[in-house]
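To be precise, the following lines are target17.pdb, and they hold PDB, C-alpha atoms.
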ATOM      1  CA  MET A   1      -9.869  15.201   0.077
ATOM      2  CA  LYS A   2     -10.870  15.979   3.620
ATOM      3  CA  LYS A   3      -9.130  18.930   5.211
ATOM      4  CA  ILE A   4      -6.076  17.907   7.212
ATOM      5  CA  ASN A   5      -5.362  19.395  10.592
ATOM      6  CA  SER A   6      -2.821  22.110  11.355
ATOM      7  CA  LEU A   7      -0.594  19.700  13.277
ATOM      8  CA  PHE A   8      -0.017  17.584  10.187
ATOM      9  CA  SER A   9       0.763  20.698   8.125
ATOM     10  CA  PHE A  10       3.341  21.640  10.742
ATOM     11  CA  LEU A  11       4.840  18.140  10.729
ATOM     12  CA  LEU A  12       5.096  18.128   6.936
ATOM     13  CA  LEU A  13       6.816  21.504   6.955
ATOM     14  CA  SER A  14       9.193  20.337   9.672
ATOM     15  CA  ASN A  15      10.110  17.229   7.697
ATOM     16  CA  ILE A  16      10.804  19.256   4.571
ATOM     17  CA  LEU A  17      12.899  21.851   6.378
ATOM     18  CA  ILE A  18      15.194  19.220   7.870
ATOM     19  CA  GLY A  19      15.474  17.377   4.558
ATOM     20  CA  GLN A  20      13.319  14.386   5.363
ATOM     21  CA  ALA A  21      11.469  12.511   2.641
ATOM     22  CA  PRO A  22       8.676   9.954   2.955
ATOM     23  CA  SER A  23       9.186   6.230   2.521
ATOM     24  CA  VAL A  24       6.844   3.243   2.495
ATOM     25  CA  GLU A  25       6.583   0.653   5.254
ATOM     26  CA  VAL A  26       4.721  -2.540   4.311
ATOM     27  CA  LEU A  27       2.397  -3.549   7.157
ATOM     28  CA  SER A  28       0.551  -6.569   5.760
ATOM     29  CA  SER A  29       0.579  -8.843   2.728
ATOM     30  CA  GLY A  30      -0.275 -12.352   1.628
ATOM     31  CA  THR A  31      -4.073 -12.221   1.794
ATOM     32  CA  LYS A  32      -5.611 -13.570  -1.412
ATOM     33  CA  THR A  33      -7.274 -10.357  -2.487
ATOM     34  CA  SER A  34      -6.506  -7.390  -4.699
ATOM     35  CA  ILE A  35      -7.299  -4.299  -2.635
ATOM     36  CA  ARG A  36      -8.578  -1.207  -4.426
ATOM     37  CA  GLY A  37     -10.930   0.180  -1.778
ATOM     38  CA  LEU A  38      -9.320   2.096   1.113
ATOM     39  CA  SER A  39     -10.942   4.398   3.666
ATOM     40  CA  VAL A  40      -8.924   5.903   6.529
ATOM     41  CA  VAL A  41     -11.294   7.206   9.184
ATOM     42  CA  ASN A  42      -8.564   8.412  11.536
ATOM     43  CA  ASP A  43      -5.041   7.439  12.606
ATOM     44  CA  ASN A  44      -6.347   4.208  14.138
ATOM     45  CA  VAL A  45      -9.414   3.086  12.172
ATOM     46  CA  VAL A  46      -8.755   1.860   8.624
ATOM     47  CA  TRP A  47     -10.989  -0.161   6.296
ATOM     48  CA  VAL A  48     -10.083  -1.854   2.992
ATOM     49  CA  SER A  49     -12.051  -3.827   0.391
ATOM     50  CA  GLY A  50     -11.075  -6.014  -2.517
ATOM     51  CA  SER A  51     -11.642  -9.059  -4.668
ATOM     52  CA  ASN A  52     -13.094 -12.403  -3.543
ATOM     53  CA  GLY A  53     -15.660 -10.627  -1.361
ATOM     54  CA  THR A  54     -12.956  -9.478   1.033
ATOM     55  CA  VAL A  55     -13.096  -6.637   3.563
ATOM     56  CA  GLY A  56     -10.411  -5.791   6.116
ATOM     57  CA  ARG A  57     -10.458  -3.550   9.166
ATOM     58  CA  SER A  58      -7.847  -2.296  11.626
ATOM     59  CA  TYR A  59      -8.516  -0.604  14.952
ATOM     60  CA  ASN A  60      -4.875   0.161  15.777
ATOM     61  CA  GLY A  61      -3.381   2.019  12.828
ATOM     62  CA  GLY A  62      -2.648  -1.026  10.702
ATOM     63  CA  LYS A  63      -0.753  -3.098  13.280
ATOM     64  CA  ASN A  64      -3.408  -5.808  13.269
ATOM     65  CA  TRP A  65      -6.146  -6.625  10.766
ATOM     66  CA  LYS A  66      -9.404  -8.481  10.881
ATOM     67  CA  TRP A  67     -10.188 -10.041   7.512
ATOM     68  CA  MET A  68     -13.726 -11.038   6.572
ATOM     69  CA  THR A  69     -15.466 -12.499   3.528
ATOM     70  CA  VAL A  70     -18.932 -11.089   2.980
ATOM     71  CA  LYS A  71     -21.351 -14.018   3.073
ATOM     72  CA  GLY A  72     -23.074 -14.594  -0.255
ATOM     73  CA  PHE A  73     -20.590 -12.342  -2.082
ATOM     74  CA  GLU A  74     -17.530 -14.580  -2.096
ATOM     75  CA  LYS A  75     -16.835 -13.866  -5.790
ATOM     76  CA  THR A  76     -17.658 -10.147  -5.742
ATOM     77  CA  ASP A  77     -14.971  -7.536  -6.368
ATOM     78  CA  PHE A  78     -15.516  -4.722  -3.850
ATOM     79  CA  ARG A  79     -13.491  -1.982  -5.497
ATOM     80  CA  ASP A  80     -14.426   0.887  -3.230
ATOM     81  CA  ILE A  81     -15.291   1.427   0.414
ATOM     82  CA  GLU A  82     -16.388   4.446   2.449
ATOM     83  CA  ALA A  83     -16.082   4.093   6.225
ATOM     84  CA  PHE A  84     -17.560   6.531   8.725
ATOM     85  CA  ASP A  85     -16.327   5.033  11.990
ATOM     86  CA  ALA A  86     -15.153   1.739  13.483
ATOM     87  CA  ASN A  87     -18.550   0.123  12.928
ATOM     88  CA  THR A  88     -20.101   1.783   9.879
ATOM     89  CA  ALA A  89     -18.994   1.347   6.274
ATOM     90  CA  VAL A  90     -20.380   1.092   2.734
ATOM     91  CA  ILE A  91     -18.839  -1.168   0.068
ATOM     92  CA  MET A  92     -19.314  -1.190  -3.706
ATOM     93  CA  GLY A  93     -19.482  -4.375  -5.802
ATOM     94  CA  ILE A  94     -18.796  -3.511  -9.412
ATOM     95  CA  ALA A  95     -20.613  -5.516 -12.033
ATOM     96  CA  GLU A  96     -23.671  -7.369 -13.357
ATOM     97  CA  PRO A  97     -25.321  -7.157 -10.998
ATOM     98  CA  ALA A  98     -23.787  -4.167  -9.252
ATOM     99  CA  TYR A  99     -24.249  -4.040  -5.500
ATOM    100  CA  ILE A 100     -23.780  -1.601  -2.651
ATOM    101  CA  LEU A 101     -23.778  -3.029   0.884
ATOM    102  CA  LYS A 102     -23.673  -1.387   4.300
ATOM    103  CA  THR A 103     -22.620  -2.533   7.764
ATOM    104  CA  ILE A 104     -23.320  -0.881  11.107
ATOM    105  CA  ASP A 105     -21.739  -3.567  13.286
ATOM    106  CA  GLY A 106     -18.114  -3.588  12.176
ATOM    107  CA  GLY A 107     -18.660  -5.992   9.307
ATOM    108  CA  GLU A 108     -20.334  -8.764  11.274
ATOM    109  CA  THR A 109     -23.391  -8.385   9.036
ATOM    110  CA  TRP A 110     -23.989  -6.576   5.762
ATOM    111  CA  LYS A 111     -27.220  -5.307   4.241
ATOM    112  CA  VAL A 112     -27.747  -4.958   0.500
ATOM    113  CA  VAL A 113     -28.780  -1.313   0.089
ATOM    114  CA  TYR A 114     -28.555  -1.174  -3.715
ATOM    115  CA  GLU A 115     -28.764  -3.698  -6.550
ATOM    116  CA  ASN A 116     -28.717  -3.053 -10.294
ATOM    117  CA  LYS A 117     -29.027  -5.882 -12.830
ATOM    118  CA  THR A 118     -28.921  -3.654 -15.924
ATOM    119  CA  LYS A 119     -26.901  -5.238 -18.727
ATOM    120  CA  GLY A 120     -23.492  -3.613 -18.966
ATOM    121  CA  MET A 121     -23.669  -2.107 -15.476
ATOM    122  CA  PHE A 122     -20.218  -1.474 -13.999
ATOM    123  CA  LEU A 123     -19.685   0.778 -10.981
ATOM    124  CA  ASP A 124     -16.332   2.537 -10.714
ATOM    125  CA  ALA A 125     -16.109   4.624  -7.537
ATOM    126  CA  MET A 126     -17.950   6.281  -4.659
ATOM    127  CA  GLU A 127     -17.396   9.633  -2.962
ATOM    128  CA  PHE A 128     -19.043  11.237   0.062
ATOM    129  CA  TRP A 129     -19.350  14.887   1.008
ATOM    130  CA  ASN A 130     -20.089  13.970   4.622
ATOM    131  CA  GLU A 131     -21.646  11.123   6.604
ATOM    132  CA  GLN A 132     -24.971  11.532   4.786
ATOM    133  CA  ALA A 133     -24.470  12.714   1.203
ATOM    134  CA  GLY A 134     -22.667  10.555  -1.334
ATOM    135  CA  ILE A 135     -22.413   9.694  -5.019
ATOM    136  CA  VAL A 136     -21.429   6.684  -7.129
ATOM    137  CA  VAL A 137     -20.351   6.790 -10.775
ATOM    138  CA  GLY A 138     -20.398   3.963 -13.303
ATOM    139  CA  ASP A 139     -19.479   3.247 -16.909
ATOM    140  CA  PRO A 140     -21.765   4.532 -19.667
ATOM    141  CA  ILE A 141     -25.059   2.764 -20.281
ATOM    142  CA  ASN A 142     -26.603   3.623 -23.668
ATOM    143  CA  GLY A 143     -24.110   6.449 -24.130
ATOM    144  CA  ARG A 144     -24.424   8.158 -20.735
ATOM    145  CA  PHE A 145     -22.375   7.734 -17.551
ATOM    146  CA  PHE A 146     -24.326   6.109 -14.740
ATOM    147  CA  ILE A 147     -24.737   8.151 -11.538
ATOM    148  CA  SER A 148     -26.629   7.460  -8.327
ATOM    149  CA  ARG A 149     -26.920   9.514  -5.119
ATOM    150  CA  THR A 150     -27.516   8.884  -1.429
ATOM    151  CA  PHE A 151     -28.617  11.338   1.236
ATOM    152  CA  ASP A 152     -28.823   9.009   4.231
ATOM    153  CA  GLY A 153     -25.320   7.637   4.615
ATOM    154  CA  GLY A 154     -25.638   5.030   1.893
ATOM    155  CA  SER A 155     -28.725   3.333   3.321
ATOM    156  CA  THR A 156     -30.715   4.120   0.159
ATOM    157  CA  TRP A 157     -29.715   5.272  -3.336
ATOM    158  CA  GLN A 158     -31.541   7.156  -6.088
ATOM    159  CA  ASP A 159     -30.393   6.894  -9.711
ATOM    160  CA  ILE A 160     -30.005  10.165 -11.597
ATOM    161  CA  PRO A 161     -32.568  10.311 -14.456
ATOM    162  CA  PHE A 162     -31.099   9.106 -17.729
ATOM    163  CA  ASP A 163     -31.440  12.452 -19.522
ATOM    164  CA  LYS A 164     -29.542  14.216 -16.722
ATOM    165  CA  ARG A 165     -26.501  11.960 -16.903
ATOM    166  CA  PRO A 166     -23.278  13.096 -18.639
ATOM    167  CA  ILE A 167     -22.937  12.048 -22.274
ATOM    168  CA  ALA A 168     -19.946   9.810 -23.032
ATOM    169  CA  ASP A 169     -18.020   9.652 -26.271
ATOM    170  CA  SER A 170     -17.524   6.379 -28.113
ATOM    171  CA  GLY A 171     -14.908   4.257 -26.359
ATOM    172  CA  GLU A 172     -14.923   6.456 -23.255
ATOM    173  CA  ALA A 173     -15.440   4.967 -19.790
ATOM    174  CA  CYS A 174     -14.046   5.097 -16.242
ATOM    175  CA  PHE A 175     -11.441   2.991 -14.463
ATOM    176  CA  ALA A 176     -12.383   1.249 -11.220
ATOM    177  CA  ALA A 177      -8.738   1.408 -10.230
ATOM    178  CA  SER A 178      -8.689   3.019  -6.787
ATOM    179  CA  GLY A 179     -12.059   4.512  -5.926
ATOM    180  CA  THR A 180     -10.707   7.981  -6.675
ATOM    181  CA  ASN A 181     -11.798   8.834 -10.204
ATOM    182  CA  ILE A 182     -14.600  10.860  -8.584
ATOM    183  CA  ARG A 183     -13.987  13.515  -5.912
ATOM    184  CA  VAL A 184     -15.842  16.240  -4.056
ATOM    185  CA  LEU A 185     -15.383  19.594  -5.784
ATOM    186  CA  ASP A 186     -17.219  21.880  -3.360
ATOM    187  CA  LYS A 187     -20.155  21.667  -0.949
ATOM    188  CA  ASP A 188     -22.613  20.816  -3.743
ATOM    189  CA  GLU A 189     -20.706  19.274  -6.633
ATOM    190  CA  ALA A 190     -18.321  16.453  -7.522
ATOM    191  CA  VAL A 191     -15.981  15.926 -10.464
ATOM    192  CA  PHE A 192     -14.918  12.714 -12.170
ATOM    193  CA  VAL A 193     -12.405  11.706 -14.839
ATOM    194  CA  SER A 194     -12.731   9.237 -17.693
ATOM    195  CA  GLY A 195     -10.353   7.231 -19.835
ATOM    196  CA  GLY A 196     -10.130   5.021 -22.897
ATOM    197  CA  LEU A 197     -10.317   6.395 -26.414
ATOM    198  CA  LYS A 198     -11.026   9.788 -24.851
ATOM    199  CA  SER A 199     -10.045  11.068 -21.405
ATOM    200  CA  ARG A 200     -11.928  14.017 -19.929
ATOM    201  CA  LEU A 201     -12.827  15.810 -16.711
ATOM    202  CA  TYR A 202     -16.557  16.029 -15.993
ATOM    203  CA  LYS A 203     -17.382  19.116 -13.984
ATOM    204  CA  ARG A 204     -21.018  20.088 -13.496
ATOM    205  CA  ASP A 205     -22.385  20.317 -17.069
ATOM    206  CA  GLU A 206     -18.950  20.478 -18.718
ATOM    207  CA  ALA A 207     -16.827  17.779 -20.309
ATOM    208  CA  ILE A 208     -13.308  19.214 -20.253
ATOM    209  CA  ASN A 209     -10.468  17.875 -22.375
ATOM    210  CA  MET A 210      -7.150  17.152 -20.650
ATOM    211  CA  PRO A 211      -4.471  17.317 -23.373
ATOM    212  CA  PRO A 212      -1.546  16.189 -21.152
ATOM    213  CA  ILE A 213      -3.174  12.812 -20.424
ATOM    214  CA  ILE A 214      -2.492   9.936 -22.819
ATOM    215  CA  GLN A 215      -5.591   8.568 -24.535
ATOM    216  CA  GLY A 216      -6.665   6.710 -27.657
ATOM    217  CA  LYS A 217      -6.674   3.089 -26.422
ATOM    218  CA  GLU A 218      -8.935   1.188 -24.064
ATOM    219  CA  THR A 219      -6.072   0.912 -21.569
ATOM    220  CA  THR A 220      -5.144   4.600 -21.518
ATOM    221  CA  GLY A 221      -6.423   7.716 -19.793
ATOM    222  CA  ALA A 222      -7.072   9.224 -16.394
ATOM    223  CA  ASN A 223      -7.479   6.912 -13.403
ATOM    224  CA  SER A 224      -7.618   9.275 -10.449
ATOM    225  CA  ILE A 225      -8.165  12.915  -9.534
ATOM    226  CA  ALA A 226      -7.316  14.870  -6.376
ATOM    227  CA  VAL A 227      -8.854  18.240  -5.485
ATOM    228  CA  TRP A 228      -7.130  20.529  -3.004
ATOM    229  CA  ASP A 229      -9.030  23.767  -2.464
ATOM    230  CA  ARG A 230     -12.530  22.320  -2.633
ATOM    231  CA  ASN A 231     -13.668  24.246   0.461
ATOM    232  CA  ARG A 232     -13.167  27.620  -1.166
ATOM    233  CA  ARG A 233     -16.201  29.605  -2.161
ATOM    234  CA  LYS A 234     -15.955  28.801  -5.865
ATOM    235  CA  GLY A 235     -14.752  25.260  -5.247
ATOM    236  CA  GLY A 236     -11.727  23.186  -6.234
ATOM    237  CA  LYS A 237      -9.579  25.105  -8.682
ATOM    238  CA  ARG A 238      -6.393  23.189  -7.904
ATOM    239  CA  MET A 239      -6.498  19.601  -9.187
ATOM    240  CA  ILE A 240      -4.084  16.843 -10.158
ATOM    241  CA  VAL A 241      -5.003  13.956 -12.452
ATOM    242  CA  VAL A 242      -2.934  10.780 -12.913
ATOM    243  CA  GLY A 243      -3.214   7.740 -15.136
ATOM    244  CA  GLY A 244      -1.298   6.513 -18.158
ATOM    245  CA  ASP A 245      -1.465   3.125 -19.846
ATOM    246  CA  PHE A 246      -1.911   0.235 -17.414
ATOM    247  CA  ASN A 247      -0.511  -2.139 -20.028
ATOM    248  CA  ALA A 248       2.724  -0.109 -19.971
ATOM    249  CA  ASP A 249       3.143   0.358 -16.247
ATOM    250  CA  THR A 250       6.722   1.715 -16.455
ATOM    251  CA  SER A 251       5.931   4.420 -19.015
ATOM    252  CA  HIS A 252       5.883   7.947 -17.624
ATOM    253  CA  GLN A 253       4.651   9.562 -20.823
ATOM    254  CA  HIS A 254       1.570  11.766 -20.394
ATOM    255  CA  ASN A 255       0.562  10.191 -17.084
ATOM    256  CA  CYS A 256      -0.093  13.363 -15.066
ATOM    257  CA  ALA A 257      -1.904  16.665 -15.581
ATOM    258  CA  ILE A 258      -2.166  19.696 -13.295
ATOM    259  CA  THR A 259      -4.623  22.597 -13.275
ATOM    260  CA  ASN A 260      -4.788  25.617 -10.976
ATOM    261  CA  ASP A 261      -7.852  27.198 -12.578
ATOM    262  CA  GLY A 262     -10.506  24.501 -12.340
ATOM    263  CA  GLY A 263      -9.629  22.799 -15.616
ATOM    264  CA  LYS A 264      -9.470  25.808 -17.933
ATOM    265  CA  THR A 265      -5.796  25.156 -18.579
ATOM    266  CA  TRP A 266      -3.632  22.094 -17.985
ATOM    267  CA  ARG A 267       0.101  21.460 -17.826
ATOM    268  CA  SER A 268       2.366  18.466 -17.469
ATOM    269  CA  PRO A 269       4.830  18.192 -14.580
ATOM    270  CA  GLY A 270       8.509  18.954 -15.119
ATOM    271  CA  THR A 271       9.402  15.514 -13.758
ATOM    272  CA  ALA A 272       6.540  13.064 -14.201
ATOM    273  CA  PRO A 273       5.612  10.163 -11.927
ATOM    274  CA  HIS A 274       7.718   7.146 -12.848
ATOM    275  CA  GLY A 275       5.052   4.974 -14.434
ATOM    276  CA  TYR A 276       1.351   4.353 -14.765
ATOM    277  CA  ARG A 277      -0.437   5.679 -11.669
ATOM    278  CA  SER A 278      -3.891   4.638 -10.419
ATOM    279  CA  CYS A 279      -4.312   7.007  -7.455
ATOM    280  CA  VAL A 280      -3.268  10.505  -6.384
ATOM    281  CA  GLU A 281      -3.806  12.176  -2.993
ATOM    282  CA  TYR A 282      -3.065  15.645  -1.658
ATOM    283  CA  LEU A 283      -1.359  15.594   1.738
ATOM    284  CA  SER A 284      -1.139  19.381   1.892
ATOM    285  CA  LYS A 285      -1.272  22.168  -0.675
ATOM    286  CA  ASP A 286       2.233  21.290  -1.841
ATOM    287  CA  ASP A 287       2.755  17.693  -0.733
ATOM    288  CA  VAL A 288       1.180  15.075  -2.994
ATOM    289  CA  LEU A 289       1.411  11.280  -3.207
ATOM    290  CA  THR A 290       0.673   9.000  -6.150
ATOM    291  CA  CYS A 291       0.954   5.229  -6.570
ATOM    292  CA  GLY A 292       0.717   2.548  -9.221
ATOM    293  CA  LEU A 293       1.811  -0.907 -10.253
ATOM    294  CA  ASN A 294       5.537  -0.157 -10.217
ATOM    295  CA  GLY A 295       5.811   2.088  -7.191
ATOM    296  CA  VAL A 296       5.045   5.270  -5.307
ATOM    297  CA  ASP A 297       5.968   8.872  -6.142
ATOM    298  CA  TYR A 298       6.010  11.969  -3.920
ATOM    299  CA  SER A 299       5.924  15.642  -4.853
ATOM    300  CA  ALA A 300       6.852  18.504  -2.520
ATOM    301  CA  ASN A 301       5.857  21.250  -4.971
ATOM    302  CA  GLY A 302       2.237  20.608  -5.797
ATOM    303  CA  GLY A 303       2.843  17.972  -8.465
ATOM    304  CA  LYS A 304       5.305  19.979 -10.559
ATOM    305  CA  ASP A 305       8.064  17.417  -9.963
ATOM    306  CA  TRP A 306       7.891  13.851  -8.663
ATOM    307  CA  GLN A 307      10.370  11.705  -6.746
ATOM    308  CA  TRP A 308      10.208   7.906  -6.923
ATOM    309  CA  ILE A 309      10.216   6.916  -3.237
ATOM    310  CA  SER A 310       9.326   3.222  -3.436
ATOM    311  CA  LYS A 311       9.168   0.436  -5.986
ATOM    312  CA  GLU A 312       6.455  -1.354  -3.994
ATOM    313  CA  GLY A 313       3.344  -1.466  -6.166
ATOM    314  CA  PHE A 314       0.017  -0.213  -4.792
ATOM    315  CA  HIS A 315      -3.421   0.538  -6.257
ATOM    316  CA  VAL A 316      -4.591   3.205  -3.819
ATOM    317  CA  CYS A 317      -3.284   5.719  -1.275
ATOM    318  CA  ARG A 318      -5.399   7.751   1.155
ATOM    319  CA  ILE A 319      -4.813  10.145   4.053
ATOM    320  CA  ALA A 320      -6.828   9.985   7.269
ATOM    321  CA  LYS A 321     -10.018  12.042   7.198
ATOM    322  CA  THR A 322      -9.245  13.105  10.757
ATOM    323  CA  GLY A 323      -5.560  12.800  11.544
ATOM    324  CA  SER A 324      -2.304  12.616   9.650
ATOM    325  CA  THR A 325      -1.603   8.978   8.740
ATOM    326  CA  ILE A 326      -1.292   7.953   5.085
ATOM    327  CA  PHE A 327      -2.032   4.363   4.069
ATOM    328  CA  LEU A 328      -1.628   2.456   0.794
ATOM    329  CA  ALA A 329      -3.124  -0.808  -0.435
ATOM    330  CA  GLY A 330      -2.660  -3.088  -3.430
ATOM    331  CA  GLY A 331      -2.412  -6.612  -4.779
ATOM    332  CA  ASN A 332      -1.969  -9.778  -2.704
ATOM    333  CA  GLY A 333      -3.495  -8.055   0.312
ATOM    334  CA  LYS A 334      -0.596  -5.621   0.546
ATOM    335  CA  ILE A 335      -1.082  -2.676   2.900
ATOM    336  CA  GLY A 336       1.497   0.029   3.461
ATOM    337  CA  LYS A 337       2.016   3.174   5.474
ATOM    338  CA  ILE A 338       3.987   6.339   4.803
ATOM    339  CA  VAL A 339       6.807   7.008   7.264
ATOM    340  CA  TRP A 340       9.336   9.846   7.324
ATOM    341  CA  LYS A 341      13.043   9.010   7.101
TER     342      LYS A 341
END
How does the structure come out when it is put into C-alpha cells?
Amino acid sequence: MKKINSLFSFLLLSNILIGQAPSVEVLSSGTKTSIRGLSVVNDNVVWVSGSNGTVGRSYNGGKNWKWMTVKGFEKTDFRDIEAFDANTAVIMGIAEPAYILKTIDGGETWKVVYENKTKGMFLDAMEFWNEQAGIVVGDPINGRFFISRTFDGGSTWQDIPFDKRPIADSGEACFAASGTNIRVLDKDEAVFVSGGLKSRLYKRDEAINMPPIIQGKETTGANSIAVWDRNRRKGGKRMIVVGGDFNADTSHQHNCAITNDGGKTWRSPGTAPHGYRSCVEYLSKDDVLTCGLNGVDYSANGGKDWQWISKEGFHVCRIAKTGSTIFLAGGNGKIGKIVWK
C-alpha cells in the first residue's frame, strides 16, 4: 500500500492509547451494482467500479456520489479501478473479451486502451507503482498466468511474452474479489496470490507455498495480499494474506497467513478473522483491516489477532493514497467508511 502520513500514524496511536476501536459507518447503498473496485485518491476523492458497467465517484469524502454507466459496457463487470486524481482513472473489465478503459474527464467519456479476445481470458486485478507504471494479472491461459504492463498511466499495455509468465498448477487461478490479489513489493517488483486447488504466493521467479491458507477446492485459497515494508531496500518482507472458502463465508479456518521474512516462513494468527475474507489492508505497521461477506475485522498487532468490528459485508477496503481515510465497498452499491468510537 501507499505510505501513510505521520499525522495518521499519530492519530492511530492516540486512538489505541485511549482505548478507541474502529467501527464502520455505511455511507451509501441501494445502487444495483456489486462493487469490487475501490481507489481512494485522498480524503475527498474516491472512485469505485462494479457490475453492470457501473462507476461511482465522490469529490467530498463519500458524502455524495455521482453514478455513471459506461456507454457500450452496460453488462461489463468492472472489478478493479485505479484512480490518479479527480478526473483520471483506469477501469478493468474482466472477461471474454477483457477490456481496460481510461478516462481523463471525470468519467464523462472513456477510451478503450486494451482489448483481449483470447478464449478463457479473465483479468483479476491491477496494481500501480506510481502514476505511470502499472501491472494487470489474469487467470492462466495454456498453463501460465496472464500478465500485462503499462508505462504511461494505463494509456497503452504490453503483454508479457508467454514464456516469461508464471507457470500455474492444475486447478490454480486467481480471484477477482477485490482488486488486491496483486500488490507492489518494491520499486521494481510486484507479488500476487493464487487460489483454487493450490494457493501460492508468486514473487519474482518463485512460487511460494502458503501452508496456513486453505486450498484444495475451486472456491478456496488466497484472495488478497497486503505488503507493509515495500519501500525498504530489499522490499516487502512483512505481508498478510487472507482468503478462505467463499462458499463457507462464516468459516474462520485457515483464512489468514502472516510472514515477516518475505514468504520464507508463514504462521496463522492467534485469533483469526471471523470468516472468509476477500481483502486486507495495512493502515500502519500494526493496524490492519480485512473484510468479507459476513463482516469486517481489525487487528492492532500486525494481524496476530483479529477483532470482529462489524457484521456489514464488504468486498474491498482501501486507505487513501494521500491522507488517512479508509473506505469499504461491497454488494448492492454499499459503501462504508471507518470511524473511531
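Remark: for Thr33 in chain A, the closest of the candidate residues A:Gly143, A:Gly295, A:Gly333, A:Gly134 is A:Gly333 (distances computed over all atoms listed in the file).
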Residues of range 212-324 of chain A at most 10 Å from range 37-42 of chain A: nearest atom pair and distance in Å, only C-alpha atoms, as JSON lines:
{"residue": "A:His315", "atom": "CA", "partner": "A:Gly37", "partner_atom": "CA", "distance": 8.8}
{"residue": "A:Val316", "atom": "CA", "partner": "A:Leu38", "partner_atom": "CA", "distance": 6.9}
{"residue": "A:Cys317", "atom": "CA", "partner": "A:Leu38", "partner_atom": "CA", "distance": 7.4}
{"residue": "A:Arg318", "atom": "CA", "partner": "A:Val40", "partner_atom": "CA", "distance": 6.7}
{"residue": "A:Ile319", "atom": "CA", "partner": "A:Val40", "partner_atom": "CA", "distance": 6.4}
{"residue": "A:Ala320", "atom": "CA", "partner": "A:Val40", "partner_atom": "CA", "distance": 4.6}
{"residue": "A:Lys321", "atom": "CA", "partner": "A:Val41", "partner_atom": "CA", "distance": 5.4}
{"residue": "A:Thr322", "atom": "CA", "partner": "A:Asn42", "partner_atom": "CA", "distance": 4.8}
{"residue": "A:Gly323", "atom": "CA", "partner": "A:Asn42", "partner_atom": "CA", "distance": 5.3}
{"residue": "A:Ser324", "atom": "CA", "partner": "A:Asn42", "partner_atom": "CA", "distance": 7.8}
task = Find the residue from A:Phe175, A:Tyr59, A:Trp157, A:Phe128 that sits nearest to Ile100 in chain A; use all atoms listed in the file when measuring.
result = A:Trp157
key: Spatial neighbours of range 296-308 of chain A, max dist 8 Å, all atoms listed in the file, sep filter under 5 positions, as a ChimeraX atom specification   = /A:22,240,258,268-274,285-291,313-314
Give me a file of those residues, with C-alpha atoms, as a PDB file, in the coordinates of the input.
ATOM      1  CA  PRO A  22       8.676   9.954   2.955  1.00  0.00           C
ATOM      2  CA  ILE A 240      -4.084  16.843 -10.158  1.00  0.00           C
ATOM      3  CA  ILE A 258      -2.166  19.696 -13.295  1.00  0.00           C
ATOM      4  CA  SER A 268       2.366  18.466 -17.469  1.00  0.00           C
ATOM      5  CA  PRO A 269       4.830  18.192 -14.580  1.00  0.00           C
ATOM      6  CA  GLY A 270       8.509  18.954 -15.119  1.00  0.00           C
ATOM      7  CA  THR A 271       9.402  15.514 -13.758  1.00  0.00           C
ATOM      8  CA  ALA A 272       6.540  13.064 -14.201  1.00  0.00           C
ATOM      9  CA  PRO A 273       5.612  10.163 -11.927  1.00  0.00           C
ATOM     10  CA  HIS A 274       7.718   7.146 -12.848  1.00  0.00           C
ATOM     11  CA  LYS A 285      -1.272  22.168  -0.675  1.00  0.00           C
ATOM     12  CA  ASP A 286       2.233  21.290  -1.841  1.00  0.00           C
ATOM     13  CA  ASP A 287       2.755  17.693  -0.733  1.00  0.00           C
ATOM     14  CA  VAL A 288       1.180  15.075  -2.994  1.00  0.00           C
ATOM     15  CA  LEU A 289       1.411  11.280  -3.207  1.00  0.00           C
ATOM     16  CA  THR A 290       0.673   9.000  -6.150  1.00  0.00           C
ATOM     17  CA  CYS A 291       0.954   5.229  -6.570  1.00  0.00           C
ATOM     18  CA  GLY A 313       3.344  -1.466  -6.166  1.00  0.00           C
ATOM     19  CA  PHE A 314       0.017  -0.213  -4.792  1.00  0.00           C
TER      20      PHE A 314
END
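Relative to CA of Asp139 in chain A, CA of Ile91 in chain A is found at 17.6 Å.
Minimum atom-to-atom distance to Gly243 in chain A, evaluated using all atoms listed in the file, belongs to A:Ser178 out of A:Ser284, A:Ser178, A:Asn209, A:Gln158.
Residue nearest Gly221 in chain A, chosen from A:Lys198, A:Arg267, A:Lys203, A:Arg238 and counting only C-alpha atoms: A:Lys198.
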task = Rank nothing, just name the residue among A:Ser28, A:Ile104, A:Asn87, A:Ala226 nearest to Ser155 in chain A, using all atoms listed in the file.
result =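 Result for the nearest residue to Ser155 in chain A: A:Ile104.
Proximity ranking of A:Ile167, A:Cys174, A:Ala190, A:Val242 relative to Arg149 in chain A places A:Ala190 first, based on all atoms listed in the file.
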message = Quick check on the file I pasted: which residues fall under the PyMOL selection byres ((chain A and resi 48) around 10)? Write them as a ChimeraX atom specification.
response = /A:35-40,46-47,49-50,54-58,65,67,78-83,91,328-330,333,335
CA of Ala95 in chain A to CA of Lys32 in chain A, straight-line distance in Å = 20.1 Å
Expected residue set, 10 Å radius at (-24.3, 11.1, 5.3), all atoms listed in the file, as a list in words =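 In the file's frame, the residues around the point are Phe84, Phe128, Trp129, Asn130, Glu131, Gln132, Ala133, Gly134, Thr150, Phe151, Asp152, Gly153, Gly154 and Ser155 of chain A.
Here the PyMOL selection byres ((chain A and resi 215) around 10) catches exactly these residues: A:Glu172, A:Ser194, A:Gly195, A:Gly196, A:Leu197, A:Lys198, A:Ser199, A:Arg200, A:Met210, A:Pro211, A:Pro212, A:Ile213, A:Ile214, A:Gly216, A:Lys217, A:Glu218, A:Thr219, A:Thr220, A:Gly221, A:Ala222, A:Gly243, A:Gly244, A:Asp245, A:His254, A:Asn255.
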request  = Skip Thr250 in chain A itself and residues of its chain fewer than 4 positions away, then list as a ChimeraX atom specification all residues within 7 Å of it, counting all atoms listed in the file.
outcome  = /A:274-276,294
key: Straight-line distance linking CA of Gly179 in chain A with CA of Asn60 in chain A, stated in Å to one decimal   = 23.3 Å
request  = Taking the file above as input, evaluate the PyMOL selection byres ((chain A and resi 140) around 9) and report the hits as a list in words.
outcome  =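 Selection result, ordered by chain and number: Gly120, Met121, Phe122, Gly138, Asp139, Ile141, Asn142, Gly143, Arg144, Phe145, Phe146, Pro166, Ile167, Ala168, Glu172, Ala173 and Cys174 of chain A.
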